[in-house]
$ cat run-v9.cif   # mmCIF, C-alpha atoms
data_data
loop_
_atom_site.label_atom_id
_atom_site.label_comp_id
_atom_site.auth_asym_id
_atom_site.auth_seq_id
_atom_site.Cartn_x
_atom_site.Cartn_y
_atom_site.Cartn_z
CA MET X 1 -60.44 74.27 -3.42
CA LYS X 2 -56.97 73.74 -1.98
CA GLU X 3 -56.35 72.47 1.52
CA LEU X 4 -53.86 74.41 3.64
CA LYS X 5 -51.83 72.82 6.42
CA LEU X 6 -52.73 74.20 9.84
CA ASN X 7 -49.52 74.93 11.76
CA GLN X 8 -49.18 75.57 15.45
CA LEU X 9 -48.27 79.26 15.70
CA ASN X 10 -44.48 79.52 15.84
CA LYS X 11 -41.95 82.30 15.61
CA ASP X 12 -39.85 80.83 12.81
CA GLN X 13 -42.70 80.84 10.34
CA PHE X 14 -44.64 83.84 11.63
CA GLN X 15 -41.95 86.46 12.16
CA PRO X 16 -41.88 87.72 8.55
CA PHE X 17 -45.51 88.74 9.06
CA GLY X 18 -45.76 89.90 12.64
CA ASP X 19 -45.21 89.24 16.33
CA ILE X 20 -46.38 86.57 18.72
CA ILE X 21 -47.61 88.09 21.97
CA ASP X 22 -46.97 85.52 24.68
CA LYS X 23 -44.61 84.87 27.57
CA ASN X 24 -42.09 82.93 25.47
CA GLN X 25 -40.85 85.87 23.39
CA GLU X 26 -38.80 87.86 25.91
CA ILE X 27 -37.09 87.34 29.27
CA PRO X 28 -39.22 89.27 31.77
CA PHE X 29 -38.09 91.63 34.48
CA GLU X 30 -39.58 92.03 37.94
CA ILE X 31 -41.77 94.98 38.86
CA ASN X 32 -44.04 95.82 41.80
CA ASN X 33 -41.58 94.67 44.43
CA GLY X 34 -41.24 91.24 42.84
CA ASN X 35 -44.97 90.54 42.68
CA CYS X 36 -45.21 90.89 38.92
CA LEU X 37 -43.20 90.01 35.82
CA ARG X 38 -43.10 92.38 32.85
CA TYR X 39 -42.55 90.89 29.38
CA ASN X 40 -41.69 94.15 27.72
CA ASN X 41 -42.60 95.56 24.33
CA LEU X 42 -43.56 92.40 22.46
CA ALA X 43 -44.97 93.90 19.28
CA LYS X 44 -43.69 96.21 16.56
CA LEU X 45 -46.37 98.90 16.42
CA SER X 46 -46.30 101.36 13.52
CA PHE X 47 -48.91 103.94 12.50
CA THR X 48 -48.97 106.45 9.63
CA ASP X 49 -51.23 109.54 9.71
CA GLY X 50 -52.95 108.28 12.83
CA GLN X 51 -52.27 106.71 16.19
CA ALA X 52 -52.74 103.56 18.26
CA GLY X 53 -56.17 102.85 19.69
CA ILE X 54 -57.73 100.03 21.69
CA SER X 55 -60.96 98.46 20.42
CA LEU X 56 -62.82 95.24 21.16
CA PHE X 57 -63.90 92.72 18.52
CA GLU X 58 -66.64 90.21 19.28
CA SER X 59 -66.62 87.54 16.60
CA LYS X 60 -68.67 84.55 15.61
CA THR X 61 -66.84 81.26 16.12
CA ILE X 62 -65.74 79.38 13.00
CA THR X 63 -66.25 75.67 12.37
CA PHE X 64 -64.09 73.17 10.49
CA PRO X 65 -63.53 72.60 7.65
CA TYR X 66 -62.98 76.37 7.41
CA SER X 67 -63.04 77.77 3.88
CA PHE X 68 -62.01 81.25 2.81
CA ASN X 69 -61.01 83.16 -0.30
CA PHE X 70 -60.75 86.66 1.20
CA MET X 71 -57.73 88.48 2.60
CA GLU X 72 -57.05 92.07 3.62
CA LYS X 73 -54.21 94.36 4.64
CA HIS X 74 -53.86 97.70 6.37
CA PRO X 75 -51.37 100.05 4.68
CA LEU X 76 -51.44 102.63 7.48
CA GLY X 77 -50.89 100.53 10.57
CA SER X 78 -50.07 97.37 12.45
CA GLN X 79 -52.96 95.43 14.01
CA ALA X 80 -52.74 93.33 17.18
CA PHE X 81 -55.30 90.76 18.38
CA ILE X 82 -55.28 89.72 22.04
CA PRO X 83 -57.92 87.35 23.44
CA VAL X 84 -59.70 88.72 26.49
CA PHE X 85 -60.92 85.27 27.60
CA GLY X 86 -57.98 83.21 26.28
CA CYS X 87 -59.81 82.10 23.10
CA ARG X 88 -57.74 80.31 20.44
CA PHE X 89 -57.99 81.52 16.87
CA ILE X 90 -56.82 80.83 13.33
CA VAL X 91 -54.16 83.17 11.92
CA ILE X 92 -53.82 83.38 8.13
CA VAL X 93 -51.08 85.39 6.40
CA ALA X 94 -49.54 85.65 2.95
CA LYS X 95 -46.53 87.22 1.32
CA GLU X 96 -47.29 89.78 -1.36
CA ILE X 97 -46.24 88.99 -4.93
CA ASN X 98 -47.03 91.47 -7.71
CA GLY X 99 -49.41 93.36 -5.45
CA LYS X 100 -51.45 90.31 -4.53
CA PRO X 101 -51.30 87.80 -1.67
CA SER X 102 -49.56 84.56 -2.61
CA GLU X 103 -50.60 81.16 -1.21
CA PRO X 104 -51.50 81.71 2.45
CA LEU X 105 -49.98 80.16 5.54
CA ALA X 106 -52.37 79.10 8.32
CA PHE X 107 -51.67 78.87 12.06
CA ILE X 108 -53.63 78.09 15.20
CA THR X 109 -52.82 79.88 18.46
CA ASN X 110 -52.57 78.46 21.96
CA HIS X 111 -54.94 79.66 24.68
CA GLY X 112 -54.01 83.18 25.66
CA GLN X 113 -51.65 83.88 22.77
CA GLY X 114 -52.03 87.12 20.87
CA ILE X 115 -50.51 88.25 17.61
CA ASN X 116 -49.62 91.53 15.92
CA TYR X 117 -49.75 91.84 12.14
CA HIS X 118 -47.16 94.26 10.87
CA LYS X 119 -48.29 97.16 8.72
CA ASN X 120 -49.30 96.20 5.18
CA ILE X 121 -49.23 92.41 5.72
CA TRP X 122 -51.95 90.38 3.99
CA HIS X 123 -54.04 88.47 6.54
CA GLY X 124 -57.35 86.73 6.96
CA VAL X 125 -60.23 88.00 9.06
CA LEU X 126 -60.53 87.14 12.74
CA ALA X 127 -61.37 83.42 13.00
CA PRO X 128 -61.83 82.22 16.58
CA VAL X 129 -62.29 78.49 17.15
CA GLU X 130 -63.93 78.73 20.59
CA GLU X 131 -66.72 80.57 22.36
CA LYS X 132 -66.13 83.78 24.37
CA ALA X 133 -64.48 85.17 21.25
CA THR X 134 -63.81 88.69 22.49
CA PHE X 135 -60.50 90.24 21.49
CA ALA X 136 -58.71 93.48 22.30
CA ILE X 137 -57.44 95.06 19.10
CA ILE X 138 -54.59 97.56 19.09
CA ASP X 139 -54.61 99.17 15.69
CA TRP X 140 -54.65 102.37 13.66
CA ILE X 141 -57.14 105.10 14.51
CA GLY X 142 -57.23 107.97 12.03
CA LYS X 143 -58.79 109.36 8.89
CA GLY X 144 -57.97 107.82 5.53
CA ASN X 145 -58.19 104.51 3.69
CA ASN X 146 -56.52 101.82 5.76
CA LEU X 147 -58.07 98.79 4.06
CA GLU X 148 -57.11 96.88 0.93
CA THR X 149 -58.79 93.59 0.12
CA TYR X 150 -58.24 90.65 -2.22
CA THR X 151 -60.49 87.78 -3.18
CA PHE X 152 -58.94 84.61 -4.60
CA ASP X 153 -60.73 82.90 -7.49
CA ASP X 154 -60.70 79.60 -5.62
CA GLU X 155 -61.25 78.86 -1.97
CA PHE X 156 -58.72 77.53 0.50
CA GLN X 157 -59.80 75.03 3.13
CA ILE X 158 -58.39 74.34 6.59
CA ASN X 159 -59.08 71.26 8.66
CA LEU X 160 -58.33 70.94 12.34
CA MET D 1 -55.45 101.47 58.88
CA LYS D 2 -58.52 102.74 57.08
CA GLU D 3 -60.96 100.48 55.28
CA LEU D 4 -61.93 101.48 51.73
CA LYS D 5 -65.25 100.54 50.17
CA LEU D 6 -64.83 98.19 47.21
CA ASN D 7 -67.06 99.42 44.37
CA GLN D 8 -68.05 97.49 41.27
CA LEU D 9 -66.19 99.23 38.45
CA ASN D 10 -68.53 101.84 36.96
CA LYS D 11 -68.18 104.67 34.48
CA ASP D 12 -69.65 107.41 36.69
CA GLN D 13 -66.97 107.02 39.34
CA PHE D 14 -64.08 105.91 37.14
CA GLN D 15 -64.22 108.33 34.21
CA PRO D 16 -62.21 111.12 35.89
CA PHE D 17 -59.32 108.65 36.07
CA GLY D 18 -59.56 106.59 32.92
CA ASP D 19 -61.55 104.38 30.58
CA ILE D 20 -63.40 101.11 31.03
CA ILE D 21 -62.63 98.71 28.19
CA ASP D 22 -65.69 96.51 27.77
CA LYS D 23 -68.61 96.07 25.41
CA ASN D 24 -70.90 98.47 27.29
CA GLN D 25 -69.01 101.66 26.43
CA GLU D 26 -69.81 102.13 22.74
CA ILE D 27 -72.37 100.97 20.18
CA PRO D 28 -70.47 98.58 17.90
CA PHE D 29 -70.49 98.43 14.13
CA GLU D 30 -70.38 95.33 11.96
CA ILE D 31 -67.23 94.25 10.14
CA ASN D 32 -66.12 91.09 8.31
CA ASN D 33 -69.38 90.70 6.43
CA GLY D 34 -71.42 90.77 9.61
CA ASN D 35 -69.42 88.07 11.40
CA CYS D 36 -67.80 90.44 13.86
CA LEU D 37 -68.72 93.51 15.91
CA ARG D 38 -66.18 96.28 16.43
CA TYR D 39 -66.43 98.38 19.61
CA ASN D 40 -64.21 101.16 18.39
CA ASN D 41 -61.55 103.20 20.13
CA LEU D 42 -62.48 102.65 23.77
CA ALA D 43 -59.48 104.25 25.48
CA LYS D 44 -57.84 107.66 25.47
CA LEU D 45 -54.21 106.85 24.70
CA SER D 46 -51.62 109.60 25.11
CA PHE D 47 -47.83 109.37 25.02
CA THR D 48 -45.12 112.04 25.43
CA ASP D 49 -41.56 111.51 24.14
CA GLY D 50 -42.32 107.89 23.33
CA GLN D 51 -44.95 105.65 21.78
CA ALA D 52 -47.46 102.92 22.52
CA GLY D 53 -46.20 99.41 23.11
CA ILE D 54 -47.76 96.08 24.03
CA SER D 55 -46.33 94.14 26.98
CA LEU D 56 -47.56 91.27 29.15
CA PHE D 57 -47.73 91.36 32.94
CA GLU D 58 -47.90 88.14 34.93
CA SER D 59 -48.86 88.95 38.48
CA LYS D 60 -49.26 87.15 41.77
CA THR D 61 -52.87 86.94 42.93
CA ILE D 62 -53.85 89.04 45.94
CA THR D 63 -55.85 87.82 48.93
CA PHE D 64 -58.35 89.66 51.14
CA PRO D 65 -58.17 91.66 53.27
CA TYR D 66 -55.87 93.49 50.87
CA SER D 67 -53.72 96.19 52.43
CA PHE D 68 -51.65 98.79 50.60
CA ASN D 69 -49.98 102.13 51.20
CA PHE D 70 -48.24 102.56 47.83
CA MET D 71 -49.42 104.34 44.70
CA GLU D 72 -47.75 105.38 41.47
CA LYS D 73 -48.37 107.45 38.36
CA HIS D 74 -46.87 107.75 34.90
CA PRO D 75 -46.33 111.35 33.76
CA LEU D 76 -45.43 110.40 30.18
CA GLY D 77 -48.24 108.08 29.19
CA SER D 78 -51.56 106.34 29.64
CA GLN D 79 -51.52 102.69 30.76
CA ALA D 80 -54.13 100.08 29.83
CA PHE D 81 -54.62 96.66 31.49
CA ILE D 82 -56.55 93.97 29.61
CA PRO D 83 -56.90 90.46 31.03
CA VAL D 84 -55.80 87.74 28.61
CA PHE D 85 -57.72 85.01 30.45
CA GLY D 86 -60.62 87.16 31.73
CA CYS D 87 -59.15 87.56 35.25
CA ARG D 88 -60.86 90.08 37.56
CA PHE D 89 -58.69 92.63 39.36
CA ILE D 90 -58.77 95.45 41.87
CA VAL D 91 -58.43 98.98 40.49
CA ILE D 92 -57.28 101.71 42.87
CA VAL D 93 -57.12 105.38 41.87
CA ALA D 94 -56.81 108.74 43.61
CA LYS D 95 -57.16 112.39 42.75
CA GLU D 96 -54.03 114.47 43.21
CA ILE D 97 -54.10 117.21 45.84
CA ASN D 98 -50.97 119.30 46.44
CA GLY D 99 -48.85 116.90 44.44
CA LYS D 100 -49.92 113.84 46.43
CA PRO D 101 -52.67 111.25 46.00
CA SER D 102 -55.73 111.93 48.16
CA GLU D 103 -57.83 109.15 49.72
CA PRO D 104 -58.05 106.37 47.12
CA LEU D 105 -61.12 104.89 45.47
CA ALA D 106 -61.21 101.11 45.01
CA PHE D 107 -63.03 99.11 42.32
CA ILE D 108 -63.33 95.49 41.28
CA THR D 109 -63.71 94.55 37.62
CA ASN D 110 -65.98 91.99 36.03
CA HIS D 111 -64.51 89.04 34.13
CA GLY D 112 -63.03 90.26 30.88
CA GLN D 113 -63.15 93.97 31.68
CA GLY D 114 -60.07 96.04 31.03
CA ILE D 115 -59.20 99.58 32.07
CA ASN D 116 -56.98 102.40 30.85
CA TYR D 117 -55.45 104.84 33.32
CA HIS D 118 -55.06 108.27 31.80
CA LYS D 119 -51.64 109.88 31.80
CA ASN D 120 -50.47 111.13 35.20
CA ILE D 121 -53.29 109.51 37.24
CA TRP D 122 -52.34 108.07 40.63
CA HIS D 123 -53.12 104.34 40.77
CA GLY D 124 -52.31 101.20 42.68
CA VAL D 125 -50.25 98.31 41.35
CA LEU D 126 -51.84 95.44 39.45
CA ALA D 127 -53.92 93.43 41.93
CA PRO D 128 -55.61 90.40 40.36
CA VAL D 129 -58.06 88.44 42.50
CA GLU D 130 -57.95 85.18 40.51
CA GLU D 131 -55.47 82.77 39.00
CA LYS D 132 -54.31 83.00 35.37
CA ALA D 133 -53.41 86.61 36.09
CA THR D 134 -51.84 87.49 32.75
CA PHE D 135 -52.61 90.93 31.36
CA ALA D 136 -51.82 92.75 28.14
CA ILE D 137 -50.51 96.22 28.93
CA ILE D 138 -50.65 99.04 26.40
CA ASP D 139 -48.42 101.76 27.73
CA TRP D 140 -45.55 104.14 27.08
CA ILE D 141 -42.33 102.83 25.57
CA GLY D 142 -39.49 105.35 25.49
CA LYS D 143 -36.49 106.76 27.29
CA GLY D 144 -37.00 108.97 30.35
CA ASN D 145 -38.52 108.84 33.81
CA ASN D 146 -42.12 107.73 33.55
CA LEU D 147 -42.62 106.72 37.19
CA GLU D 148 -43.54 108.72 40.27
CA THR D 149 -44.43 106.97 43.49
CA TYR D 150 -46.03 107.84 46.81
CA THR D 151 -46.22 105.91 50.06
CA PHE D 152 -48.93 106.80 52.58
CA ASP D 153 -47.99 106.84 56.27
CA ASP D 154 -50.89 104.53 57.08
CA GLU D 155 -52.23 101.55 55.20
CA PHE D 156 -55.59 101.25 53.50
CA GLN D 157 -57.47 97.97 53.65
CA ILE D 158 -59.97 96.46 51.23
CA ASN D 159 -62.32 93.60 52.01
CA LEU D 160 -64.24 91.63 49.41
#
$ encode --input "run-v9.cif" --output "structure tokens"
Amino acid sequence: MKELKLNQLNKDQFQPFGDIIDKNQEIPFEINNGNCLRYNNLAKLSFTDGQAGISLFESKTITFPYSFNFMEKHPLGSQAFIPVFGCRFIVIVAKEINGKPSEPLAFITNHGQGINYHKNIWHGVLAPVEEKATFAIIDWIGKGNNLETYTFDDEFQINL
Amino acid sequence: MKELKLNQLNKDQFQPFGDIIDKNQEIPFEINNGNCLRYNNLAKLSFTDGQAGISLFESKTITFPYSFNFMEKHPLGSQAFIPVFGCRFIVIVAKEINGKPSEPLAFITNHGQGINYHKNIWHGVLAPVEEKATFAIIDWIGKGNNLETYTFDDEFQINL
């Protein structure tokens, strides 16, 4: 069992793995006669042999200490998670070395932040830390095998 | 000035115009070892000469009575609105007759409901009725003219 540091989600550390979907990533422009700001095109979406779809995930809430030894990746498409009720969640990613995830990095989001994992990036499963854990998912819809998994021999643990 | 009835968003009336994105539209399946339910592929996404992108809209909140005479449509792509903090909003749509929107229909969403306007459907601008009016938008990203607008001679009014 190895403890991982829990980092506040930040662009410097997260950008090799994906995108942060919040209002700090782009300068917005006005639409709707000045009544609305548009923060445009915040995520790098990419889909092979399929197309983007919108789904909802309703997840159980995790508790701390949070232990895991399982990661997954999607070779055919990016995958975005956006909270519908603002719920914060844990984001776990890892670089691939020799076809396997290396030691993971762990982040916690702010209320209302979303993220987009780039195609083929190792990540943990959805791990919300609050109730009302409903998320809109923008990911690959198609036919084929879009899931690879890896289970570490030992568990990692995250404390709040 | 003509008053429009404000309907609770419902599939029977809304499905000619788009999709409701909530947990009542599909039977979910379990993922993540039973810790999460996936309500799969809830919206008909369609993009011409471009691709799906994720943006954020931050809108001013409307007040009632709400008056409008402006509608728009997007000939090159569908457009989904998903609240990030659960915010309810007014949804206005109209059938096209002779190239113009006919008398609009007005709906109000429940907390956490999202919607997807199908490609080329006349609709009103984003009209949230609560604070924290941040929405994730999944719509067309590309080069070209994806906006047509129409202004009615007289205003329509909606009361809560």
$ interface_residues --input "run-v9.cif" --of "chain D" --to "chain X" --cutoff "6 Å" --atoms "all atoms listed in the file" --output "list in words"
Asn35, Cys36, Leu37, Arg38, Tyr39, Asn40, Asn41, Leu42, Ala43, Gly53, Ile54, Ser55, Leu56, Phe57, Glu58, Ser59, Lys60, Pro83, Val84, Phe85, Gly86 and Gly112 of chain D
$ closest_residue --input "run-v9.cif" --among "D:Glu148, D:Glu131, D:Asp12, D:Glu103" --to "Asn69 (chain D)" --atoms "only C-alpha atoms"
D:Glu103
$ resolve_selection --input "run-v9.cif" --expression "the PyMOL selection byres ((chain X and resi 8) around 9)" --output "PDB file with C-alpha atoms, keeping the file's coordinate frame"
ATOM      1  CA  LEU X   6     -52.730  74.200   9.840  1.00  0.00           C
ATOM      2  CA  ASN X   7     -49.520  74.930  11.760  1.00  0.00           C
ATOM      3  CA  LEU X   9     -48.270  79.260  15.700  1.00  0.00           C
ATOM      4  CA  ASN X  10     -44.480  79.520  15.840  1.00  0.00           C
ATOM      5  CA  ALA X 106     -52.370  79.100   8.320  1.00  0.00           C
ATOM      6  CA  PHE X 107     -51.670  78.870  12.060  1.00  0.00           C
ATOM      7  CA  ILE X 108     -53.630  78.090  15.200  1.00  0.00           C
ATOM      8  CA  THR X 109     -52.820  79.880  18.460  1.00  0.00           C
ATOM      9  CA  ASN X 110     -52.570  78.460  21.960  1.00  0.00           C
TER      10      ASN X 110
END
$ calpha_fit_and_write --input "run-v9.cif" --fixed "chain X" --moving "chain D" --output "compact mmCIF listing (two decimals) with C-alpha atoms, keeping the file's coordinate frame"
# COMPACT_ATOMS: atom_id res chain seq x y z
CA MET D 1 -60.41 74.26 -3.42
CA LYS D 2 -56.95 73.75 -1.99
CA GLU D 3 -56.33 72.46 1.51
CA LEU D 4 -53.85 74.42 3.65
CA LYS D 5 -51.82 72.82 6.42
CA LEU D 6 -52.74 74.20 9.84
CA ASN D 7 -49.52 74.92 11.75
CA GLN D 8 -49.18 75.57 15.47
CA LEU D 9 -48.28 79.25 15.70
CA ASN D 10 -44.48 79.50 15.82
CA LYS D 11 -41.96 82.31 15.61
CA ASP D 12 -39.85 80.83 12.80
CA GLN D 13 -42.72 80.83 10.34
CA PHE D 14 -44.65 83.84 11.63
CA GLN D 15 -41.94 86.46 12.16
CA PRO D 16 -41.89 87.72 8.54
CA PHE D 17 -45.52 88.73 9.06
CA GLY D 18 -45.75 89.88 12.64
CA ASP D 19 -45.20 89.25 16.33
CA ILE D 20 -46.38 86.57 18.73
CA ILE D 21 -47.60 88.09 21.98
CA ASP D 22 -46.98 85.51 24.69
CA LYS D 23 -44.61 84.87 27.56
CA ASN D 24 -42.09 82.93 25.47
CA GLN D 25 -40.85 85.87 23.40
CA GLU D 26 -38.80 87.85 25.92
CA ILE D 27 -37.09 87.34 29.28
CA PRO D 28 -39.22 89.29 31.77
CA PHE D 29 -38.08 91.64 34.49
CA GLU D 30 -39.57 92.04 37.95
CA ILE D 31 -41.76 94.99 38.87
CA ASN D 32 -44.05 95.84 41.81
CA ASN D 33 -41.58 94.68 44.43
CA GLY D 34 -41.25 91.26 42.84
CA ASN D 35 -44.98 90.55 42.68
CA CYS D 36 -45.22 90.90 38.92
CA LEU D 37 -43.19 90.01 35.83
CA ARG D 38 -43.11 92.37 32.86
CA TYR D 39 -42.55 90.89 29.39
CA ASN D 40 -41.69 94.15 27.73
CA ASN D 41 -42.59 95.56 24.34
CA LEU D 42 -43.55 92.39 22.47
CA ALA D 43 -44.97 93.90 19.28
CA LYS D 44 -43.70 96.21 16.56
CA LEU D 45 -46.36 98.91 16.43
CA SER D 46 -46.30 101.37 13.53
CA PHE D 47 -48.90 103.94 12.50
CA THR D 48 -48.97 106.45 9.62
CA ASP D 49 -51.23 109.54 9.69
CA GLY D 50 -52.95 108.29 12.82
CA GLN D 51 -52.26 106.71 16.19
CA ALA D 52 -52.74 103.58 18.25
CA GLY D 53 -56.16 102.85 19.68
CA ILE D 54 -57.72 100.04 21.69
CA SER D 55 -60.95 98.46 20.42
CA LEU D 56 -62.82 95.23 21.16
CA PHE D 57 -63.89 92.72 18.53
CA GLU D 58 -66.63 90.21 19.27
CA SER D 59 -66.61 87.56 16.60
CA LYS D 60 -68.66 84.55 15.61
CA THR D 61 -66.83 81.26 16.12
CA ILE D 62 -65.74 79.38 13.00
CA THR D 63 -66.25 75.67 12.37
CA PHE D 64 -64.08 73.17 10.47
CA PRO D 65 -63.53 72.62 7.65
CA TYR D 66 -62.99 76.37 7.39
CA SER D 67 -63.05 77.77 3.87
CA PHE D 68 -62.02 81.26 2.80
CA ASN D 69 -61.01 83.17 -0.31
CA PHE D 70 -60.75 86.67 1.18
CA MET D 71 -57.74 88.49 2.60
CA GLU D 72 -57.06 92.06 3.62
CA LYS D 73 -54.22 94.35 4.66
CA HIS D 74 -53.86 97.70 6.37
CA PRO D 75 -51.37 100.04 4.68
CA LEU D 76 -51.44 102.63 7.48
CA GLY D 77 -50.88 100.54 10.57
CA SER D 78 -50.05 97.38 12.46
CA GLN D 79 -52.95 95.43 14.01
CA ALA D 80 -52.73 93.34 17.19
CA PHE D 81 -55.30 90.76 18.39
CA ILE D 82 -55.27 89.71 22.05
CA PRO D 83 -57.91 87.35 23.43
CA VAL D 84 -59.70 88.72 26.50
CA PHE D 85 -60.92 85.28 27.60
CA GLY D 86 -57.98 83.22 26.28
CA CYS D 87 -59.81 82.10 23.10
CA ARG D 88 -57.73 80.32 20.44
CA PHE D 89 -57.98 81.53 16.85
CA ILE D 90 -56.82 80.83 13.32
CA VAL D 91 -54.17 83.17 11.90
CA ILE D 92 -53.82 83.37 8.13
CA VAL D 93 -51.09 85.39 6.41
CA ALA D 94 -49.56 85.64 2.95
CA LYS D 95 -46.55 87.21 1.32
CA GLU D 96 -47.31 89.78 -1.36
CA ILE D 97 -46.25 88.99 -4.92
CA ASN D 98 -47.05 91.46 -7.70
CA GLY D 99 -49.42 93.37 -5.47
CA LYS D 100 -51.47 90.31 -4.54
CA PRO D 101 -51.31 87.81 -1.68
CA SER D 102 -49.56 84.56 -2.61
CA GLU D 103 -50.61 81.16 -1.22
CA PRO D 104 -51.52 81.72 2.44
CA LEU D 105 -49.99 80.17 5.54
CA ALA D 106 -52.38 79.10 8.31
CA PHE D 107 -51.68 78.89 12.06
CA ILE D 108 -53.63 78.10 15.20
CA THR D 109 -52.83 79.87 18.47
CA ASN D 110 -52.58 78.45 21.95
CA HIS D 111 -54.94 79.66 24.68
CA GLY D 112 -54.01 83.18 25.67
CA GLN D 113 -51.65 83.86 22.78
CA GLY D 114 -52.02 87.10 20.89
CA ILE D 115 -50.50 88.25 17.61
CA ASN D 116 -49.62 91.53 15.92
CA TYR D 117 -49.75 91.83 12.14
CA HIS D 118 -47.16 94.26 10.87
CA LYS D 119 -48.28 97.16 8.72
CA ASN D 120 -49.30 96.21 5.17
CA ILE D 121 -49.24 92.41 5.72
CA TRP D 122 -51.95 90.38 3.98
CA HIS D 123 -54.04 88.47 6.53
CA GLY D 124 -57.35 86.72 6.96
CA VAL D 125 -60.23 87.99 9.06
CA LEU D 126 -60.54 87.13 12.74
CA ALA D 127 -61.38 83.42 12.99
CA PRO D 128 -61.84 82.23 16.58
CA VAL D 129 -62.29 78.50 17.15
CA GLU D 130 -63.94 78.73 20.59
CA GLU D 131 -66.71 80.56 22.37
CA LYS D 132 -66.13 83.77 24.36
CA ALA D 133 -64.47 85.17 21.25
CA THR D 134 -63.80 88.69 22.49
CA PHE D 135 -60.49 90.24 21.50
CA ALA D 136 -58.70 93.48 22.31
CA ILE D 137 -57.44 95.06 19.10
CA ILE D 138 -54.59 97.56 19.10
CA ASP D 139 -54.61 99.17 15.70
CA TRP D 140 -54.64 102.38 13.68
CA ILE D 141 -57.14 105.10 14.52
CA GLY D 142 -57.23 107.97 12.03
CA LYS D 143 -58.81 109.35 8.89
CA GLY D 144 -57.96 107.80 5.52
CA ASN D 145 -58.19 104.49 3.70
CA ASN D 146 -56.52 101.81 5.77
CA LEU D 147 -58.08 98.78 4.06
CA GLU D 148 -57.12 96.87 0.94
CA THR D 149 -58.79 93.59 0.12
CA TYR D 150 -58.24 90.66 -2.22
CA THR D 151 -60.50 87.78 -3.18
CA PHE D 152 -58.95 84.61 -4.61
CA ASP D 153 -60.74 82.90 -7.50
CA ASP D 154 -60.69 79.60 -5.63
CA GLU D 155 -61.25 78.86 -1.98
CA PHE D 156 -58.71 77.55 0.49
CA GLN D 157 -59.78 75.03 3.11
CA ILE D 158 -58.40 74.35 6.58
CA ASN D 159 -59.08 71.25 8.64
CA LEU D 160 -58.34 70.93 12.33
$ resolve_selection --input "run-v9.cif" --expression "the PyMOL selection byres ((chain D and resi 97-100) around 10)" --output "list in words"
Met71, Ala94, Lys95, Glu96, Pro101, Ser102, Glu103, Trp122, Thr149, Tyr150, Thr151 and Phe152 of chain D
$ residues_near_point --input "run-v9.cif" --point "(-60.6, 75.5, 0.1)" --cutoff "7 Å" --atoms "all atoms listed in the file" --output "PyMOL selection string"
chain X and resi 1-3+67-68+155-158
$ axis_aligned_box --input "run-v9.cif" --around "region 71-88 of chain D" --padding-each-side "5 Å" --output "JSON"
{"center_x": -53.1, "center_y": 98.2, "center_z": 36.7, "size_x": 25.4, "size_y": 36.3, "size_z": 26.1}
$ atom_distance --input "run-v9.cif" --atom1 "CA of Phe89 (chain D)" --atom2 "CA of Phe64 (chain D)"
12.2 Å
$ atom_distance --input "run-v9.cif" --atom1 "CA of Tyr117 (chain D)" --atom2 "CA of Glu72 (chain D)"
11.2 Å
$ atom_distance --input "run-v9.cif" --atom1 "CA of Ile90 (chain D)" --atom2 "CA of Thr63 (chain D)"
10.8 Å
$ residues_around --input "run-v9.cif" --residues "Pro75 (chain X)" --least-positions-apart "3" --cutoff "7 Å" --atoms "only C-alpha atoms" --output "PyMOL selection string"
chain X and resi 119-120+146-147
$ resolve_selection --input "run-v9.cif" --expression "the PyMOL selection byres ((chain X and resi 143) around 8)" --output "list in words"
Asp49, Gly50, Ile141, Gly142, Gly144 and Asn145 of chain X
$ closest_residue --input "run-v9.cif" --among "D:Asn24, D:Ile115, D:Pro65, D:Phe47" --to "Ser78 (chain D)" --atoms "only C-alpha atoms"
D:Phe47
$ closest_residue --input "run-v9.cif" --among "D:Val93, D:Val129, D:Leu76, D:Leu4" --to "Pro16 (chain D)" --atoms "all atoms listed in the file"
D:Val93
